[in-house]
Amino acid sequence: MTTILKLGGSVITEKDRPETLDGPALDRAADAVAGRSDLVVVHGGGSFGHHHAAEHGVSTTEGSTDPDAVIAIHGAMATLNRFVVSRLRDRDVPAVPVHPLSAADRDGSGALTLPSGAPERLLGEGYVPVLHGDVVAHGGEGVTVLSGDEIVVELAAALEADRVGLCSAVPGVLDDDGEVIEEIREFEAVADALGASDATDVSGGMAGKVQSLLSMETPASIFDLDGLAAFLDGERVGTTVHGGT
Ligand code: IPE
């Protein structure tokens, strides 16, 4: 029963201070993961990746050909990855780092290729691969950002994951009254609550997240740190997005 867990950058870092870990939050996440197996962890950038990406004008679509941009953004993400892996290792989780820059790319149309051989084989050998948002080679653009959410969507399909969880800063997708929406089966039903005018709005944020999760066969849950242990125990927490329909 393979699970893919994304730890949002805003959960494990202090968003407003460049390259600042939220140590207590990462400890809580690592405590919840301790003792689990058949798990792939993906983490976002938070104040590590996004700070440097903004400084160099790099996004998922806007690239840079400056090698220093690659080194700064990837370097910050590798630093955060070391923190995540080491806090997991402190709890005897068989965590090992996997860096997308070395394997993934986008072609000139932006289509992503993320080889899954290494994470799949590592998983099969009993490790917990820990991937991260990164920069990747992009045809005609230099490099662009690869988000953790994109990694989750690719790996869920490639590994035929049974469960996907996104641990975020909010307890789920919230309706207009601020209540967690328990289930989402189609974008139109929640477009208003997400502040998106139509289904083609992929401006990012929660609307973009929900749209990409709806494209997956595997159901995905969005929850916060309070729900993480329960999610990993197999319980239904936060918002569950059912795609593949
Ligand atoms: C961003 O990954 C990675 C970089 C900026 C290099 P995400 O977009 O998944 O990060 P969070 O979870 O939103 O912080």
# chains A, B, ... in the order shown; residues from 1 in each chain; ligands from 1

call {"tool": "residues_around", "arguments": {"residues": "Thr79 of chain A", "least_positions_apart": "3", "cutoff": "12 Å", "atoms": "only C-alpha atoms", "output": "PDB file with all heavy atoms, in the first residue's frame"}}
result
ATOM      1  N   GLU A  19      15.208  31.172   4.099  1.00  0.00           N
ATOM      2  CA  GLU A  19      15.948  29.989   4.549  1.00  0.00           C
ATOM      3  C   GLU A  19      15.842  29.751   6.052  1.00  0.00           C
ATOM      4  O   GLU A  19      16.836  29.532   6.738  1.00  0.00           O
ATOM      5  CB  GLU A  19      17.406  30.079   4.109  1.00  0.00           C
ATOM      6  CG  GLU A  19      17.518  29.960   2.592  1.00  0.00           C
ATOM      7  CD  GLU A  19      18.931  29.661   2.101  1.00  0.00           C
ATOM      8  OE1 GLU A  19      19.610  28.847   2.741  1.00  0.00           O
ATOM      9  OE2 GLU A  19      19.311  30.243   1.078  1.00  0.00           O
ATOM     10  N   THR A  20      14.614  29.817   6.568  1.00  0.00           N
ATOM     11  CA  THR A  20      14.398  29.550   7.991  1.00  0.00           C
ATOM     12  C   THR A  20      13.472  28.360   8.151  1.00  0.00           C
ATOM     13  O   THR A  20      12.337  28.362   7.658  1.00  0.00           O
ATOM     14  CB  THR A  20      13.784  30.780   8.708  1.00  0.00           C
ATOM     15  OG1 THR A  20      14.573  31.930   8.373  1.00  0.00           O
ATOM     16  CG2 THR A  20      13.764  30.581  10.208  1.00  0.00           C
ATOM     17  N   LEU A  21      13.991  27.348   8.841  1.00  0.00           N
ATOM     18  CA  LEU A  21      13.221  26.137   9.091  1.00  0.00           C
ATOM     19  C   LEU A  21      12.213  26.396  10.199  1.00  0.00           C
ATOM     20  O   LEU A  21      12.493  27.162  11.120  1.00  0.00           O
ATOM     21  CB  LEU A  21      14.222  25.066   9.544  1.00  0.00           C
ATOM     22  CG  LEU A  21      13.767  23.620   9.583  1.00  0.00           C
ATOM     23  CD1 LEU A  21      13.528  23.116   8.173  1.00  0.00           C
ATOM     24  CD2 LEU A  21      14.835  22.772  10.294  1.00  0.00           C
ATOM     25  N   HIS A  43       8.804  17.216  -0.460  1.00  0.00           N
ATOM     26  CA  HIS A  43       8.561  18.465   0.261  1.00  0.00           C
ATOM     27  C   HIS A  43       8.683  19.678  -0.660  1.00  0.00           C
ATOM     28  O   HIS A  43       9.369  19.637  -1.676  1.00  0.00           O
ATOM     29  CB  HIS A  43       9.454  18.600   1.504  1.00  0.00           C
ATOM     30  CG  HIS A  43      10.921  18.698   1.228  1.00  0.00           C
ATOM     31  ND1 HIS A  43      11.530  19.877   0.852  1.00  0.00           N
ATOM     32  CD2 HIS A  43      11.885  17.764   1.263  1.00  0.00           C
ATOM     33  CE1 HIS A  43      12.819  19.657   0.685  1.00  0.00           C
ATOM     34  NE2 HIS A  43      13.072  18.376   0.912  1.00  0.00           N
ATOM     35  N   GLY A  45       9.051  24.102  -1.099  1.00  0.00           N
ATOM     36  CA  GLY A  45      10.179  25.004  -0.961  1.00  0.00           C
ATOM     37  C   GLY A  45      10.092  25.973   0.192  1.00  0.00           C
ATOM     38  O   GLY A  45      11.102  26.302   0.817  1.00  0.00           O
ATOM     39  N   SER A  47      10.289  28.991   2.512  1.00  0.00           N
ATOM     40  CA  SER A  47      11.206  30.139   2.476  1.00  0.00           C
ATOM     41  C   SER A  47      12.599  29.766   1.957  1.00  0.00           C
ATOM     42  O   SER A  47      13.465  30.623   1.848  1.00  0.00           O
ATOM     43  CB  SER A  47      11.314  30.761   3.869  1.00  0.00           C
ATOM     44  OG  SER A  47      11.845  29.829   4.780  1.00  0.00           O
ATOM     45  N   PHE A  48      12.813  28.504   1.608  1.00  0.00           N
ATOM     46  CA  PHE A  48      14.095  28.110   1.005  1.00  0.00           C
ATOM     47  C   PHE A  48      14.037  28.329  -0.514  1.00  0.00           C
ATOM     48  O   PHE A  48      14.730  29.180  -1.045  1.00  0.00           O
ATOM     49  CB  PHE A  48      14.423  26.647   1.359  1.00  0.00           C
ATOM     50  CG  PHE A  48      14.900  26.479   2.777  1.00  0.00           C
ATOM     51  CD1 PHE A  48      14.011  26.565   3.834  1.00  0.00           C
ATOM     52  CD2 PHE A  48      16.239  26.265   3.049  1.00  0.00           C
ATOM     53  CE1 PHE A  48      14.443  26.435   5.140  1.00  0.00           C
ATOM     54  CE2 PHE A  48      16.699  26.131   4.353  1.00  0.00           C
ATOM     55  CZ  PHE A  48      15.784  26.221   5.406  1.00  0.00           C
ATOM     56  N   GLY A  49      13.160  27.559  -1.196  1.00  0.00           N
ATOM     57  CA  GLY A  49      13.128  27.650  -2.659  1.00  0.00           C
ATOM     58  C   GLY A  49      12.505  28.927  -3.191  1.00  0.00           C
ATOM     59  O   GLY A  49      13.055  29.573  -4.094  1.00  0.00           O
ATOM     60  N   ILE A  71      22.186  27.169  -9.112  1.00  0.00           N
ATOM     61  CA  ILE A  71      22.930  26.801  -7.905  1.00  0.00           C
ATOM     62  C   ILE A  71      22.234  27.336  -6.656  1.00  0.00           C
ATOM     63  O   ILE A  71      22.112  26.638  -5.652  1.00  0.00           O
ATOM     64  CB  ILE A  71      24.391  27.298  -8.022  1.00  0.00           C
ATOM     65  CG1 ILE A  71      25.109  26.429  -9.065  1.00  0.00           C
ATOM     66  CG2 ILE A  71      25.117  27.253  -6.683  1.00  0.00           C
ATOM     67  CD1 ILE A  71      26.394  27.009  -9.597  1.00  0.00           C
ATOM     68  N   ALA A  72      21.715  28.583  -6.734  1.00  0.00           N
ATOM     69  CA  ALA A  72      21.066  29.175  -5.559  1.00  0.00           C
ATOM     70  C   ALA A  72      19.767  28.437  -5.209  1.00  0.00           C
ATOM     71  O   ALA A  72      19.535  28.087  -4.051  1.00  0.00           O
ATOM     72  CB  ALA A  72      20.779  30.654  -5.812  1.00  0.00           C
ATOM     73  N   ILE A  73      18.916  28.209  -6.215  1.00  0.00           N
ATOM     74  CA  ILE A  73      17.604  27.607  -5.932  1.00  0.00           C
ATOM     75  C   ILE A  73      17.773  26.138  -5.557  1.00  0.00           C
ATOM     76  O   ILE A  73      17.258  25.675  -4.531  1.00  0.00           O
ATOM     77  CB  ILE A  73      16.647  27.766  -7.141  1.00  0.00           C
ATOM     78  CG1 ILE A  73      16.468  29.243  -7.502  1.00  0.00           C
ATOM     79  CG2 ILE A  73      15.290  27.125  -6.825  1.00  0.00           C
ATOM     80  CD1 ILE A  73      15.835  29.490  -8.874  1.00  0.00           C
ATOM     81  N   HIS A  74      18.518  25.411  -6.389  1.00  0.00           N
ATOM     82  CA  HIS A  74      18.722  23.986  -6.076  1.00  0.00           C
ATOM     83  C   HIS A  74      19.469  23.830  -4.751  1.00  0.00           C
ATOM     84  O   HIS A  74      19.134  22.957  -3.942  1.00  0.00           O
ATOM     85  CB  HIS A  74      19.493  23.284  -7.201  1.00  0.00           C
ATOM     86  CG  HIS A  74      19.853  21.883  -6.861  1.00  0.00           C
ATOM     87  ND1 HIS A  74      18.929  20.851  -6.890  1.00  0.00           N
ATOM     88  CD2 HIS A  74      21.011  21.335  -6.415  1.00  0.00           C
ATOM     89  CE1 HIS A  74      19.516  19.739  -6.494  1.00  0.00           C
ATOM     90  NE2 HIS A  74      20.779  20.001  -6.207  1.00  0.00           N
ATOM     91  N   GLY A  75      20.458  24.713  -4.536  1.00  0.00           N
ATOM     92  CA  GLY A  75      21.250  24.619  -3.303  1.00  0.00           C
ATOM     93  C   GLY A  75      20.383  24.798  -2.068  1.00  0.00           C
ATOM     94  O   GLY A  75      20.509  24.052  -1.094  1.00  0.00           O
ATOM     95  N   ALA A  76      19.476  25.787  -2.108  1.00  0.00           N
ATOM     96  CA  ALA A  76      18.601  26.025  -0.958  1.00  0.00           C
ATOM     97  C   ALA A  76      17.676  24.829  -0.748  1.00  0.00           C
ATOM     98  O   ALA A  76      17.418  24.398   0.386  1.00  0.00           O
ATOM     99  CB  ALA A  76      17.790  27.299  -1.170  1.00  0.00           C
ATOM    100  N   ARG A  82      18.181  18.179   3.220  1.00  0.00           N
ATOM    101  CA  ARG A  82      19.061  17.572   4.238  1.00  0.00           C
ATOM    102  C   ARG A  82      18.419  17.658   5.618  1.00  0.00           C
ATOM    103  O   ARG A  82      18.485  16.711   6.401  1.00  0.00           O
ATOM    104  CB  ARG A  82      20.430  18.263   4.246  1.00  0.00           C
ATOM    105  CG  ARG A  82      21.448  17.577   3.338  1.00  0.00           C
ATOM    106  CD  ARG A  82      22.868  18.018   3.635  1.00  0.00           C
ATOM    107  NE  ARG A  82      23.059  19.445   3.430  1.00  0.00           N
ATOM    108  CZ  ARG A  82      23.226  20.000   2.231  1.00  0.00           C
ATOM    109  NH1 ARG A  82      23.259  19.252   1.143  1.00  0.00           N
ATOM    110  NH2 ARG A  82      23.378  21.303   2.107  1.00  0.00           N
ATOM    111  N   PHE A  83      17.780  18.805   5.902  1.00  0.00           N
ATOM    112  CA  PHE A  83      17.079  18.928   7.193  1.00  0.00           C
ATOM    113  C   PHE A  83      15.973  17.883   7.315  1.00  0.00           C
ATOM    114  O   PHE A  83      15.820  17.237   8.346  1.00  0.00           O
ATOM    115  CB  PHE A  83      16.437  20.321   7.342  1.00  0.00           C
ATOM    116  CG  PHE A  83      17.398  21.424   7.697  1.00  0.00           C
ATOM    117  CD1 PHE A  83      17.478  22.567   6.917  1.00  0.00           C
ATOM    118  CD2 PHE A  83      18.208  21.333   8.821  1.00  0.00           C
ATOM    119  CE1 PHE A  83      18.347  23.606   7.248  1.00  0.00           C
ATOM    120  CE2 PHE A  83      19.081  22.361   9.162  1.00  0.00           C
ATOM    121  CZ  PHE A  83      19.146  23.499   8.368  1.00  0.00           C
ATOM    122  N   VAL A  84      15.181  17.747   6.250  1.00  0.00           N
ATOM    123  CA  VAL A  84      14.034  16.827   6.307  1.00  0.00           C
ATOM    124  C   VAL A  84      14.533  15.391   6.485  1.00  0.00           C
ATOM    125  O   VAL A  84      14.059  14.657   7.364  1.00  0.00           O
ATOM    126  CB  VAL A  84      13.153  16.958   5.039  1.00  0.00           C
ATOM    127  CG1 VAL A  84      12.038  15.910   5.044  1.00  0.00           C
ATOM    128  CG2 VAL A  84      12.567  18.364   4.928  1.00  0.00           C
ATOM    129  N   VAL A  85      15.522  15.011   5.659  1.00  0.00           N
ATOM    130  CA  VAL A  85      16.054  13.644   5.748  1.00  0.00           C
ATOM    131  C   VAL A  85      16.655  13.402   7.129  1.00  0.00           C
ATOM    132  O   VAL A  85      16.414  12.359   7.750  1.00  0.00           O
ATOM    133  CB  VAL A  85      17.101  13.391   4.636  1.00  0.00           C
ATOM    134  CG1 VAL A  85      17.869  12.094   4.880  1.00  0.00           C
ATOM    135  CG2 VAL A  85      16.422  13.356   3.263  1.00  0.00           C
ATOM    136  N   SER A  86      17.379  14.389   7.652  1.00  0.00           N
ATOM    137  CA  SER A  86      18.047  14.124   8.920  1.00  0.00           C
ATOM    138  C   SER A  86      17.054  14.032  10.083  1.00  0.00           C
ATOM    139  O   SER A  86      17.218  13.197  10.963  1.00  0.00           O
ATOM    140  CB  SER A  86      19.183  15.120   9.158  1.00  0.00           C
ATOM    141  OG  SER A  86      18.803  16.124  10.033  1.00  0.00           O
ATOM    142  N   PRO A  97      17.800  10.912   0.251  1.00  0.00           N
ATOM    143  CA  PRO A  97      17.480  12.036  -0.637  1.00  0.00           C
ATOM    144  C   PRO A  97      17.413  11.638  -2.108  1.00  0.00           C
ATOM    145  O   PRO A  97      18.201  10.806  -2.566  1.00  0.00           O
ATOM    146  CB  PRO A  97      18.660  12.988  -0.411  1.00  0.00           C
ATOM    147  CG  PRO A  97      19.794  12.112   0.002  1.00  0.00           C
ATOM    148  CD  PRO A  97      19.191  10.940   0.739  1.00  0.00           C
ATOM    149  N   HIS A  99      17.107  13.902  -5.769  1.00  0.00           N
ATOM    150  CA  HIS A  99      17.097  15.274  -6.284  1.00  0.00           C
ATOM    151  C   HIS A  99      16.593  15.339  -7.723  1.00  0.00           C
ATOM    152  O   HIS A  99      17.282  14.870  -8.642  1.00  0.00           O
ATOM    153  CB  HIS A  99      18.513  15.865  -6.213  1.00  0.00           C
ATOM    154  CG  HIS A  99      19.099  15.841  -4.834  1.00  0.00           C
ATOM    155  ND1 HIS A  99      18.576  16.583  -3.796  1.00  0.00           N
ATOM    156  CD2 HIS A  99      20.136  15.147  -4.315  1.00  0.00           C
ATOM    157  CE1 HIS A  99      19.291  16.359  -2.697  1.00  0.00           C
ATOM    158  NE2 HIS A  99      20.236  15.479  -2.983  1.00  0.00           N
ATOM    159  N   HIS A 132      12.049  16.629  -3.555  1.00  0.00           N
ATOM    160  CA  HIS A 132      11.721  18.016  -3.227  1.00  0.00           C
ATOM    161  C   HIS A 132      11.462  18.830  -4.491  1.00  0.00           C
ATOM    162  O   HIS A 132      11.976  18.497  -5.566  1.00  0.00           O
ATOM    163  CB  HIS A 132      12.879  18.652  -2.452  1.00  0.00           C
ATOM    164  CG  HIS A 132      14.207  18.540  -3.132  1.00  0.00           C
ATOM    165  ND1 HIS A 132      14.644  19.439  -4.076  1.00  0.00           N
ATOM    166  CD2 HIS A 132      15.185  17.615  -3.029  1.00  0.00           C
ATOM    167  CE1 HIS A 132      15.837  19.080  -4.507  1.00  0.00           C
ATOM    168  NE2 HIS A 132      16.189  17.967  -3.898  1.00  0.00           N
ATOM    169  N   ASP A 134      12.162  21.673  -7.049  1.00  0.00           N
ATOM    170  CA  ASP A 134      13.536  21.901  -7.517  1.00  0.00           C
ATOM    171  C   ASP A 134      13.482  22.814  -8.738  1.00  0.00           C
ATOM    172  O   ASP A 134      12.416  23.304  -9.127  1.00  0.00           O
ATOM    173  CB  ASP A 134      14.147  20.538  -7.903  1.00  0.00           C
ATOM    174  CG  ASP A 134      15.667  20.487  -7.757  1.00  0.00           C
ATOM    175  OD1 ASP A 134      16.310  21.547  -7.751  1.00  0.00           O
ATOM    176  OD2 ASP A 134      16.198  19.373  -7.641  1.00  0.00           O
TER     177      ASP A 134
END

call {"tool": "closest_atom_pairs", "arguments": {"of": "segment 134-213 of chain A", "to": "segment 6-17 of chain A", "cutoff": "10 Å", "atoms": "only C-alpha atoms", "output": "CSV"}}
result
residue,atom,partner,partner_atom,distance
A:Gly148,CA,A:Lys6,CA,7.1
A:Asp149,CA,A:Lys6,CA,7.5
A:Ile151,CA,A:Lys6,CA,9.2
A:Val152,CA,A:Lys6,CA,7.1
A:Val164,CA,A:Lys6,CA,8.0
A:Gly165,CA,A:Lys6,CA,6.2
A:Leu166,CA,A:Lys6,CA,4.8
A:Cys167,CA,A:Leu7,CA,5.1
A:Ser168,CA,A:Gly8,CA,5.1
A:Ala169,CA,A:Val11,CA,5.5
A:Val170,CA,A:Val11,CA,9.2

call {"tool": "residues_around", "arguments": {"residues": "segment 212-224 of chain A", "least_positions_apart": "2", "cutoff": "7 Å", "atoms": "only C-alpha atoms", "output": "mmCIF file with C-alpha atoms, in the first residue's frame"}}
result
data_model
loop_
_atom_site.group_PDB
_atom_site.id
_atom_site.type_symbol
_atom_site.label_atom_id
_atom_site.label_comp_id
_atom_site.auth_asym_id
_atom_site.auth_seq_id
_atom_site.Cartn_x
_atom_site.Cartn_y
_atom_site.Cartn_z
ATOM 1 C CA VAL A 153 1.031 13.959 -9.485
ATOM 2 C CA ALA A 156 1.287 8.885 -7.962
ATOM 3 C CA ALA A 161 0.120 4.932 -5.403
ATOM 4 C CA ASP A 162 -2.833 3.922 -3.257
ATOM 5 C CA ARG A 163 -2.989 7.136 -1.253
ATOM 6 C CA VAL A 164 -1.779 10.700 -1.656
ATOM 7 C CA GLY A 165 -1.666 13.220 1.167
ATOM 8 C CA LEU A 166 -0.844 16.911 1.078
ATOM 9 C CA CYS A 167 0.024 18.296 4.470
ATOM 10 C CA SER A 168 -0.590 22.016 4.139
ATOM 11 C CA ALA A 169 -0.954 25.098 6.316
ATOM 12 C CA VAL A 170 -4.765 24.818 6.276
ATOM 13 C CA PRO A 171 -6.944 21.897 7.470
ATOM 14 C CA GLY A 172 -8.393 21.353 3.988
ATOM 15 C CA GLY A 208 -4.452 25.135 -9.016
ATOM 16 C CA LYS A 209 -3.771 22.464 -6.412
ATOM 17 C CA VAL A 210 -7.318 21.101 -6.587
ATOM 18 C CA ASP A 226 -3.033 18.065 13.165
ATOM 19 C CA GLY A 227 -4.380 15.544 10.652
ATOM 20 C CA LEU A 228 -1.100 13.998 9.503
ATOM 21 C CA VAL A 237 -9.044 13.673 7.219
ATOM 22 C CA GLY A 238 -9.440 17.153 5.757
ATOM 23 C CA THR A 239 -10.606 17.352 2.150
ATOM 24 C CA THR A 240 -10.501 14.312 -0.120
ATOM 25 C CA VAL A 241 -10.221 15.069 -3.837
ATOM 26 C CA HIS A 242 -11.495 12.252 -6.062
ATOM 27 C CA GLY A 243 -10.099 12.544 -9.557
ATOM 28 C CA GLY A 244 -10.070 10.093 -12.424
#

call {"tool": "atom_distance", "arguments": {"atom1": "atom CA of Gly63 of chain A", "atom2": "atom CA of Glu150 of chain A"}}
result
16.6 Å

call {"tool": "select_by_dssp", "arguments": {"residues": "segment 44-245 of chain A", "states": "strand (DSSP E or B)", "output": "number ranges by chain"}}
result
A: 64, 95-97, 105-106, 112-113, 128-132, 134-138, 142-146, 163-167, 174, 180, 183-184, 220-223, 239-241

call {"tool": "closest_residue", "arguments": {"among": "A:Gln211, A:Thr144, A:Ser37, A:Ser109", "to": "ligand 1", "atoms": "only C-alpha atoms and all ligand atoms"}}
result
A:Thr144

call {"tool": "closest_residue", "arguments": {"among": "A:Val136, A:Ser116, A:Ala30, A:Gly178", "to": "ligand 1", "atoms": "only C-alpha atoms and all ligand atoms"}}
result
A:Val136

call {"tool": "closest_residue", "arguments": {"among": "A:Thr113, A:Asn81, A:Ser64, A:Ser59", "to": "ligand 1", "atoms": "only C-alpha atoms and all ligand atoms"}}
result
A:Ser59

call {"tool": "residues_around", "arguments": {"residues": "Val135 of chain A", "least_positions_apart": "5", "cutoff": "6 Å", "atoms": "only C-alpha atoms", "output": "PyMOL selection string"}}
result
chain A and resi 101+143-146

call {"tool": "select_by_dssp", "arguments": {"residues": "segment 53-184 of chain A", "states": "helix (DSSP H, G or I)", "output": "ChimeraX atom specification"}}
result
/A:53-55,67-89,100-102,117-124,148-158

call {"tool": "atom_distance", "arguments": {"atom1": "atom CA of Ala157 of chain A", "atom2": "atom 7 (P, counted along the ligand's line) of ligand 1"}}
result
18.8 Å

call {"tool": "closest_residue", "arguments": {"among": "A:Gly57, A:Gly110, A:Pro129, A:Gly117", "to": "ligand 1", "atoms": "only C-alpha atoms and all ligand atoms"}}
result
A:Gly57

call {"tool": "residues_around", "arguments": {"residues": "Gly126 of chain A", "least_positions_apart": "2", "cutoff": "8 Å", "atoms": "only C-alpha atoms", "output": "list of chain:residue names"}}
result
A:Ser37, A:Asp38, A:Pro94, A:Leu122, A:Leu123, A:Gly124, A:Val128

call {"tool": "closest_residue", "arguments": {"among": "A:Arg236, A:Arg91, A:His56, A:Arg28", "to": "ligand 1", "atoms": "only C-alpha atoms and all ligand atoms"}}
result
A:His56
